[in-house]
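Enquirer: I am sharing start_23.tsv, which consists of TSV, C-alpha atoms:
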```tsv
chain	number	residue	atom	x	y	z
A	217	MET	CA	76.34	29.24	77.58
A	218	THR	CA	74.54	27.77	80.58
A	219	ASP	CA	76.60	24.61	81.14
A	220	PRO	CA	77.78	24.79	84.79
A	221	THR	CA	81.00	22.97	83.92
A	222	LEU	CA	82.04	25.86	81.68
A	223	PRO	CA	83.62	29.12	82.86
A	224	PRO	CA	81.30	32.14	83.18
A	225	ASN	CA	80.42	34.08	80.06
A	226	PRO	CA	82.99	36.76	79.28
A	227	LYS	CA	82.43	40.38	80.16
A	228	LYS	CA	81.29	42.20	77.05
A	229	ALA	CA	80.27	45.58	75.68
A	230	VAL	CA	77.89	45.87	72.71
A	231	LEU	CA	77.86	49.12	70.73
A	232	TYR	CA	75.35	49.93	67.98
A	233	ARG	CA	76.65	52.33	65.32
A	234	PRO	CA	79.09	54.12	67.62
A	235	SER	CA	81.34	56.93	66.53
A	236	VAL	CA	84.99	55.99	66.28
A	237	THR	CA	85.81	58.00	69.40
A	238	GLN	CA	83.13	56.12	71.36
A	239	LEU	CA	84.47	52.80	70.10
A	240	MET	CA	88.05	53.71	70.96
A	241	ALA	CA	87.04	54.82	74.46
A	242	VAL	CA	85.24	51.54	75.17
A	243	ILE	CA	88.05	49.39	73.78
A	244	ALA	CA	90.61	51.34	75.83
A	245	THR	CA	88.56	50.87	79.00
A	246	VAL	CA	88.10	47.13	78.40
A	247	CYS	CA	91.79	46.76	77.57
A	248	GLU	CA	92.76	48.54	80.80
A	249	GLU	CA	90.50	46.29	82.89
A	250	LEU	CA	91.53	43.06	81.13
A	251	PRO	CA	93.21	40.49	83.41
A	252	THR	CA	96.78	39.70	82.48
A	253	ASP	CA	95.96	36.15	81.34
A	254	SER	CA	92.97	37.16	79.15
A	255	VAL	CA	92.41	37.82	75.46
A	256	MET	CA	90.36	40.72	74.12
A	257	LEU	CA	87.87	39.90	71.36
A	258	ILE	CA	86.87	42.78	69.06
A	259	TYR	CA	84.06	41.96	66.62
A	260	LEU	CA	83.34	44.73	64.11
A	261	SER	CA	80.53	44.59	61.57
A	262	ALA	CA	80.25	47.60	59.26
A	263	PRO	CA	80.34	48.61	55.58
A	264	GLY	CA	83.71	49.56	54.20
A	265	ASN	CA	85.43	51.74	51.66
A	266	SER	CA	88.51	50.72	49.71
A	267	GLY	CA	89.55	54.28	48.82
A	268	ARG	CA	90.11	53.13	45.24
A	269	ASP	CA	86.91	51.75	43.79
A	270	SER	CA	84.33	51.94	46.56
A	271	THR	CA	81.28	52.52	44.37
A	272	SER	CA	81.76	49.51	42.12
A	273	GLN	CA	82.67	47.35	45.10
A	274	MET	CA	79.48	48.21	46.96
A	275	GLU	CA	77.28	47.73	43.90
A	276	SER	CA	78.81	44.37	43.00
A	277	SER	CA	78.34	43.06	46.53
A	278	GLY	CA	74.58	42.93	45.99
A	279	ILE	CA	74.00	44.90	49.21
A	280	SER	CA	72.34	48.29	49.18
A	281	ARG	CA	74.02	50.74	51.55
A	282	LYS	CA	73.55	54.50	51.37
A	283	PHE	CA	76.26	56.74	52.75
A	284	SER	CA	78.12	59.86	51.69
A	285	LYS	CA	81.79	60.06	50.91
A	286	PRO	CA	83.89	62.23	53.24
A	287	ASN	CA	83.79	65.87	52.19
A	288	THR	CA	86.67	67.68	50.51
A	289	GLN	CA	87.61	69.57	53.67
A	290	PHE	CA	88.01	66.28	55.56
A	291	LEU	CA	90.08	64.73	52.77
A	292	ASN	CA	92.45	67.72	52.69
A	293	HIS	CA	92.82	67.52	56.45
A	294	HIS	CA	93.44	63.78	56.14
A	295	LYS	CA	96.18	64.37	53.55
A	296	LEU	CA	97.87	66.83	55.92
A	297	ASN	CA	97.76	64.32	58.76
A	298	LYS	CA	99.14	61.68	56.43
A	299	CYS	CA	102.12	63.89	55.61
A	300	LEU	CA	102.76	64.48	59.31
A	301	CYS	CA	102.65	60.74	59.94
A	302	GLU	CA	105.16	60.13	57.17
A	303	ASN	CA	107.62	62.40	58.97
A	304	HIS	CA	107.42	60.49	62.22
A	305	VAL	CA	106.32	56.92	61.48
A	306	THR	CA	107.81	54.42	59.07
A	307	PRO	CA	105.54	51.35	59.09
A	308	LYS	CA	106.25	48.26	57.08
A	309	GLY	CA	105.28	48.69	53.43
A	310	ASP	CA	103.36	51.59	51.90
A	311	LEU	CA	101.88	54.01	54.44
A	312	SER	CA	98.79	54.46	52.27
A	313	GLN	CA	97.63	50.94	53.11
A	314	TYR	CA	96.76	52.19	56.61
A	315	PHE	CA	94.71	55.17	55.43
A	316	GLU	CA	93.11	54.42	52.04
A	317	ASP	CA	90.93	51.60	53.38
A	318	TYR	CA	88.50	51.96	56.25
A	319	LEU	CA	85.18	50.99	57.81
A	320	LEU	CA	82.24	53.37	58.13
A	321	LEU	CA	80.72	53.48	61.60
A	322	GLY	CA	78.18	55.72	63.30
A	323	PRO	CA	74.55	56.55	62.47
A	324	SER	CA	75.38	58.66	59.39
A	325	ARG	CA	78.46	56.71	58.32
A	326	ASN	CA	80.26	59.72	56.86
A	327	GLY	CA	82.88	62.16	58.03
A	328	GLY	CA	86.01	61.79	60.12
A	329	SER	CA	84.38	60.78	63.40
A	330	ASN	CA	82.77	57.78	61.71
A	331	ILE	CA	85.80	56.44	59.81
A	332	LEU	CA	87.76	53.57	61.35
A	333	TYR	CA	91.16	52.86	59.79
A	334	PRO	CA	93.08	49.61	60.30
A	335	SER	CA	95.79	51.67	62.00
A	336	ASP	CA	93.29	52.70	64.71
A	337	ILE	CA	93.45	49.15	66.08
A	338	ILE	CA	97.25	49.01	66.36
A	339	PRO	CA	97.52	50.62	69.84
A	340	PHE	CA	95.37	47.81	71.26
A	341	THR	CA	97.69	45.08	69.98
A	342	ARG	CA	99.87	45.54	73.06
A	343	ARG	CA	97.60	42.93	74.66
A	344	PRO	CA	96.51	39.55	73.23
A	345	LEU	CA	93.87	40.40	70.63
A	346	PHE	CA	91.37	38.38	68.61
A	347	LEU	CA	89.95	40.62	65.88
A	348	ILE	CA	86.97	39.66	63.72
A	349	ILE	CA	86.01	42.00	60.87
A	350	ASP	CA	82.74	41.45	59.03
A	351	SER	CA	82.69	43.89	56.13
A	352	ASP	CA	82.89	44.16	52.35
A	353	ASN	CA	86.31	45.75	53.02
A	354	SER	CA	87.47	43.35	55.73
A	355	HIS	CA	90.57	42.28	53.80
A	356	ALA	CA	92.02	45.77	54.31
A	357	PHE	CA	92.79	44.72	57.89
A	358	LYS	CA	95.39	42.21	56.70
A	359	VAL	CA	97.90	45.04	57.11
A	360	LEU	CA	97.68	44.62	60.89
A	361	HIS	CA	99.62	41.36	60.64
A	362	GLY	CA	103.21	42.24	61.43
A	363	ALA	CA	102.32	45.74	62.66
A	364	GLU	CA	101.36	44.66	66.18
A	365	ARG	CA	102.93	46.41	69.16
A	366	GLY	CA	102.93	43.32	71.35
A	367	GLU	CA	101.93	39.74	70.67
A	368	PRO	CA	100.73	38.75	67.18
A	369	ALA	CA	96.98	39.26	66.81
A	370	ALA	CA	94.53	36.59	65.64
A	371	LEU	CA	92.37	37.77	62.75
A	372	PHE	CA	89.19	36.48	61.11
A	373	LEU	CA	88.28	38.50	58.02
A	374	SER	CA	84.96	37.96	56.27
A	375	PRO	CA	84.55	37.48	52.51
A	376	SER	CA	84.22	40.72	50.59
A	377	ARG	CA	81.14	39.35	48.86
A	378	PRO	CA	78.49	36.88	50.01
A	379	SER	CA	77.67	33.68	48.11
A	380	PHE	CA	74.16	32.39	47.43
A	381	LYS	CA	72.53	29.77	45.26
A	382	ASN	CA	69.67	32.20	44.75
A	383	PRO	CA	71.01	35.77	45.24
A	384	ILE	CA	67.70	37.35	44.23
A	385	GLY	CA	65.80	35.59	46.98
A	386	SER	CA	68.38	36.40	49.67
A	387	ASP	CA	67.40	39.62	51.41
A	388	MET	CA	70.51	40.69	53.31
A	389	ALA	CA	68.59	43.50	55.01
A	390	GLN	CA	66.37	40.87	56.63
A	391	ASN	CA	68.85	38.04	57.13
A	392	GLY	CA	71.93	40.05	58.12
A	393	SER	CA	75.52	39.23	57.30
A	394	GLN	CA	76.24	35.77	55.95
A	395	PHE	CA	79.61	35.59	57.72
A	396	THR	CA	78.16	36.52	61.11
A	397	LEU	CA	75.38	33.99	60.57
A	398	PHE	CA	77.99	31.25	59.98
A	399	LEU	CA	79.70	32.18	63.26
A	400	THR	CA	76.46	32.24	65.26
A	401	ALA	CA	74.13	29.72	63.59
A	402	PRO	CA	76.13	27.48	61.21
A	403	LEU	CA	73.26	25.26	60.07
A	404	GLN	CA	70.99	28.20	59.30
A	405	ALA	CA	73.81	29.84	57.35
A	406	PHE	CA	74.37	26.66	55.34
A	407	CYS	CA	70.67	26.45	54.50
A	408	GLN	CA	70.55	30.10	53.49
A	409	LEU	CA	73.55	29.57	51.20
A	410	VAL	CA	71.95	26.69	49.29
A	411	ASP	CA	68.41	28.14	49.45
A	412	TYR	CA	67.13	25.23	51.54
A	413	ASN	CA	64.08	25.75	53.70
A	414	LEU	CA	64.73	23.66	56.81
A	415	SER	CA	61.37	23.77	58.54
A	416	SER	CA	61.33	23.63	62.33
A	417	GLU	CA	58.48	21.14	61.97
A	418	ASP	CA	60.85	18.58	60.46
A	419	ALA	CA	62.59	17.90	63.78
A	420	ASP	CA	64.30	14.68	62.67
A	421	MET	CA	65.91	16.30	59.63
A	422	TYR	CA	67.02	19.29	61.72
A	423	ASN	CA	68.44	17.19	64.54
A	424	ASP	CA	70.29	14.88	62.15
A	425	ALA	CA	71.84	17.84	60.36
A	426	GLN	CA	72.89	19.38	63.67
A	427	SER	CA	74.39	16.03	64.66
A	428	VAL	CA	76.54	15.97	61.51
A	429	ILE	CA	77.88	19.43	62.35
A	430	SER	CA	78.43	18.61	66.03
A	431	THR	CA	80.32	15.43	65.18
A	432	ALA	CA	82.52	17.34	62.75
A	433	PHE	CA	83.24	20.06	65.31
A	434	THR	CA	84.24	17.47	67.90
A	435	GLU	CA	86.65	15.86	65.45
A	436	TRP	CA	88.18	19.18	64.41
A	437	GLU	CA	88.53	20.22	68.05
A	438	VAL	CA	90.62	17.13	68.78
A	439	ILE	CA	92.76	17.76	65.70
A	440	LEU	CA	93.45	21.35	66.73
A	441	CYS	CA	94.22	20.48	70.34
A	442	THR	CA	96.69	17.74	69.35
A	443	SER	CA	98.26	19.51	66.35
A	444	THR	CA	102.00	20.07	66.46
A	445	SER	CA	101.79	22.73	63.75
A	446	LEU	CA	99.21	24.94	65.47
A	447	ASP	CA	100.39	28.54	65.74
A	448	LEU	CA	100.78	29.72	69.33
A	449	VAL	CA	98.37	32.57	68.60
A	450	TRP	CA	95.54	30.05	68.12
A	451	ALA	CA	96.80	27.74	70.85
A	452	GLN	CA	96.21	30.38	73.52
A	453	LEU	CA	92.64	30.86	72.29
A	454	LEU	CA	91.64	27.20	72.28
A	455	SER	CA	91.53	27.01	76.06
A	456	ASP	CA	88.50	29.31	76.10
A	457	PRO	CA	85.28	27.49	75.03
A	458	PHE	CA	83.68	30.64	73.65
A	459	LEU	CA	86.64	31.46	71.39
A	460	ARG	CA	87.16	27.80	70.49
A	461	ARG	CA	83.57	27.64	69.23
A	462	LEU	CA	84.21	30.65	66.97
A	463	ILE	CA	87.31	28.96	65.53
A	464	LEU	CA	85.42	25.73	64.76
A	465	ARG	CA	82.59	27.64	63.12
A	466	PHE	CA	85.09	29.59	61.04
A	467	ILE	CA	86.59	26.33	59.76
A	468	PHE	CA	83.08	25.21	58.81
A	469	CYS	CA	82.30	28.52	57.09
A	470	ARG	CA	85.53	28.57	55.11
A	471	ALA	CA	85.12	24.98	53.95
A	472	VAL	CA	81.49	25.41	52.91
A	473	LEU	CA	82.26	28.55	50.90
A	474	ALA	CA	85.39	27.02	49.34
A	475	LEU	CA	83.49	23.92	48.21
A	476	PHE	CA	80.44	25.87	47.02
A	477	HIS	CA	80.68	26.04	43.22
A	478	LEU	CA	77.63	28.16	42.35
A	479	ARG	CA	79.55	31.41	42.43
A	480	GLU	CA	82.28	33.27	40.61
A	481	SER	CA	85.83	32.29	41.40
A	482	GLY	CA	87.94	34.63	43.47
A	483	ASP	CA	89.34	35.19	46.94
A	484	GLN	CA	86.72	37.86	47.61
A	485	TYR	CA	84.21	35.06	48.28
A	486	LEU	CA	86.33	33.38	50.96
A	487	PRO	CA	87.10	34.35	54.55
A	488	ILE	CA	90.68	34.73	55.75
A	489	CYS	CA	92.34	33.72	59.00
A	490	ILE	CA	95.69	35.16	60.11
A	491	PRO	CA	97.88	33.42	61.08
A	492	GLU	CA	96.97	30.30	59.12
A	493	LEU	CA	95.31	27.39	60.85
A	494	PRO	CA	96.91	23.93	60.32
A	495	ASN	CA	96.49	22.18	56.98
A	496	SER	CA	94.81	19.34	58.84
A	497	VAL	CA	91.67	21.50	59.10
A	498	ALA	CA	91.90	23.08	55.64
A	499	SER	CA	88.81	23.05	53.43
A	500	PHE	CA	89.92	20.08	51.33
A	501	SER	CA	91.53	18.10	54.15
A	502	LYS	CA	90.49	14.54	54.98
A	503	ALA	CA	88.88	15.72	58.22
A	504	VAL	CA	86.87	18.66	56.86
A	505	HIS	CA	85.91	17.86	53.27
A	506	PRO	CA	83.94	14.63	54.04
A	507	SER	CA	82.00	16.36	56.84
A	508	ILE	CA	80.69	19.04	54.49
A	509	GLN	CA	79.85	16.35	51.96
A	510	ARG	CA	77.89	14.36	54.55
A	511	LEU	CA	75.85	17.43	55.47
A	512	ALA	CA	75.16	18.26	51.82
A	513	ASN	CA	74.15	14.69	51.07
A	514	HIS	CA	71.87	14.63	54.11
A	515	LEU	CA	70.04	17.74	52.91
A	516	LYS	CA	70.20	16.58	49.27
A	517	VAL	CA	72.04	19.68	48.06
A	518	ALA	CA	75.32	18.04	46.99
A	519	ASP	CA	74.84	19.44	43.48
A	520	CYS	CA	75.70	22.89	44.89
A	521	PHE	CA	79.23	21.81	45.78
A	522	SER	CA	82.38	20.50	44.15
A	523	PHE	CA	83.29	17.39	46.08
A	524	ARG	CA	86.35	15.33	45.27
A	525	ASP	CA	86.15	11.60	44.83
A	526	ASN	CA	87.34	10.12	48.12
A	527	SER	CA	87.37	6.54	46.85
```
Go ahead and express the file in the form of structure tokens.
Expert:
Amino acid sequence: MTDPTLPPNPKKAVLYRPSVTQLMAVIATVCEELPTDSVMLIYLSAPGNSGRDSTSQMESSGISRKFSKPNTQFLNHHKLNKCLCENHVTPKGDLSQYFEDYLLLGPSRNGGSNILYPSDIIPFTRRPLFLIIDSDNSHAFKVLHGAERGEPAALFLSPSRPSFKNPIGSDMAQNGSQFTLFLTAPLQAFCQLVDYNLSSEDADMYNDAQSVISTAFTEWEVILCTSTSLDLVWAQLLSDPFLRRLILRFIFCRAVLALFHLRESGDQYLPICIPELPNSVASFSKAVHPSIQRLANHLKVADCFSFRDNS
């Protein structure tokens, strides 16, 4: 962001396919250097494994990813470690929820050094944490809620499966993650979802569509900042313009995917935020629902959505 009225861009570290030990080392260093009044944002994008039905989950997602399962020696070692943990740690709920589900990092995405468990993040919850997981196994990180070692963490978890009007024509290898696209380029993500080719040559159409989104974001920002039911976890993030922009784009993403009817039903197609944002910015609220409808009507793709009669 280049606006001189805004605070400087946050210090950041970008890692491409790191091993888990590399990732942990960088997070620990950043956490140690973090000012006392700051929040640490961790954004992880990686394929996942549910530990129960990983093969069918990956195939049904429509995304081709090739990786090997951990070998037998690693699994036996993992079971031994799990038994040791059971003797010394009694987390809330079933211990297996921290070890059966994981993300696959690293260049080869197999073996112990490339497996990131939800429990690996817990030590870093001693400081204010905003965690975004973009993965087909993102929902596994719900177990972090209530397991923090300090303040409650803020979590954005991507849908387990993407949604498209035309799945065959959507090349995820070329376009990248749909959830990340919503958080970085909302209009482009919307157009990709409904298979709408918004040409850069049609400047008026593009600018008008961006105006609809900007107006909606401004309205939602006011609602959040004046809400009496806003969780304190989100309240401390709103003061930062970079994090506030992510929250507004998440609201847009969740509403668009919730209203999109050209998909199977199921929670696996919707993102999750923990703790919950106020009902005033829910997908079917009076502030959010009409904004998505205006954008769909502007681009003439309202037939892709289930809009309620507001009359």
Enquirer: A:Arg524, A:Pro234, A:Val517, A:Ile338: which is nearest Arg365 in chain A, counting all atoms listed in the file?
Expert: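 Between A:Arg524, A:Pro234, A:Val517, A:Ile338, the residue approaching Arg365 in chain A most closely is A:Ile338.
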Enquirer: Could you check the closest approach to Thr431 in chain A for each of A:His355, A:Arg510, A:Arg460, A:His477 and tell me which residue wins, using only C-alpha atoms?
Expert: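 Looking at the shortest contact to Thr431 in chain A, the residue is A:Arg510.
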Enquirer: Between A:Phe395, A:Tyr422, A:Phe406, A:Phe340, which has the minimum distance to Phe476 in chain A (counting all atoms listed in the file)?
Expert: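 Answer, going by the shortest atom-to-atom distance: A:Phe406.
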Enquirer: To one decimal in Å, tell me the separation between CA of Ser496 in chain A and CA of Trp436 in chain A.
Expert: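 Spanning CA of Ser496 in chain A to CA of Trp436 in chain A is a straight-line distance of 8.7 Å.
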Enquirer: Calculated over all atoms listed in the file, which of the candidates A:Ser415, A:Asn495, A:Gln404, A:Thr245 has the smallest distance to Ser443 in chain A?
Expert: A:Asn495
Enquirer: Would you mind reading off the distance between CA of Ser501 in chain A and CA of Tyr412 in chain A, one decimal, in Å?
Expert: 25.6 Å
Enquirer: Any chance you could work out the axis-aligned box around range 392-396 of chain A, listed atoms only, 6 Å on each side, giving centre and edge lengths in Å to one decimal, as AutoDock Vina command-line options?
Expert:
```
--center_x 75.8 --center_y 37.8 --center_z 58.5 --size_x 19.7 --size_y 16.5 --size_z 17.2
```
Enquirer: Find the residues near Ala432 in chain A: any atom within 12 Å, counting all atoms listed in the file, skip ones fewer than 6 places away on the same chain, and give them as a list in words.
Expert: Ala425, Gln426, Val438, Ile439, Leu464, Arg465, Ile467, Phe468, Ala471, Val497, Lys502, Ala503, Val504, His505, Pro506, Ser507, Ile508, Gln509, Arg510 and Leu511 of chain A
Enquirer: Any idea what the distance is between CA of Asn513 in chain A and CA of Pro378 in chain A?
Expert: 22.6 Å
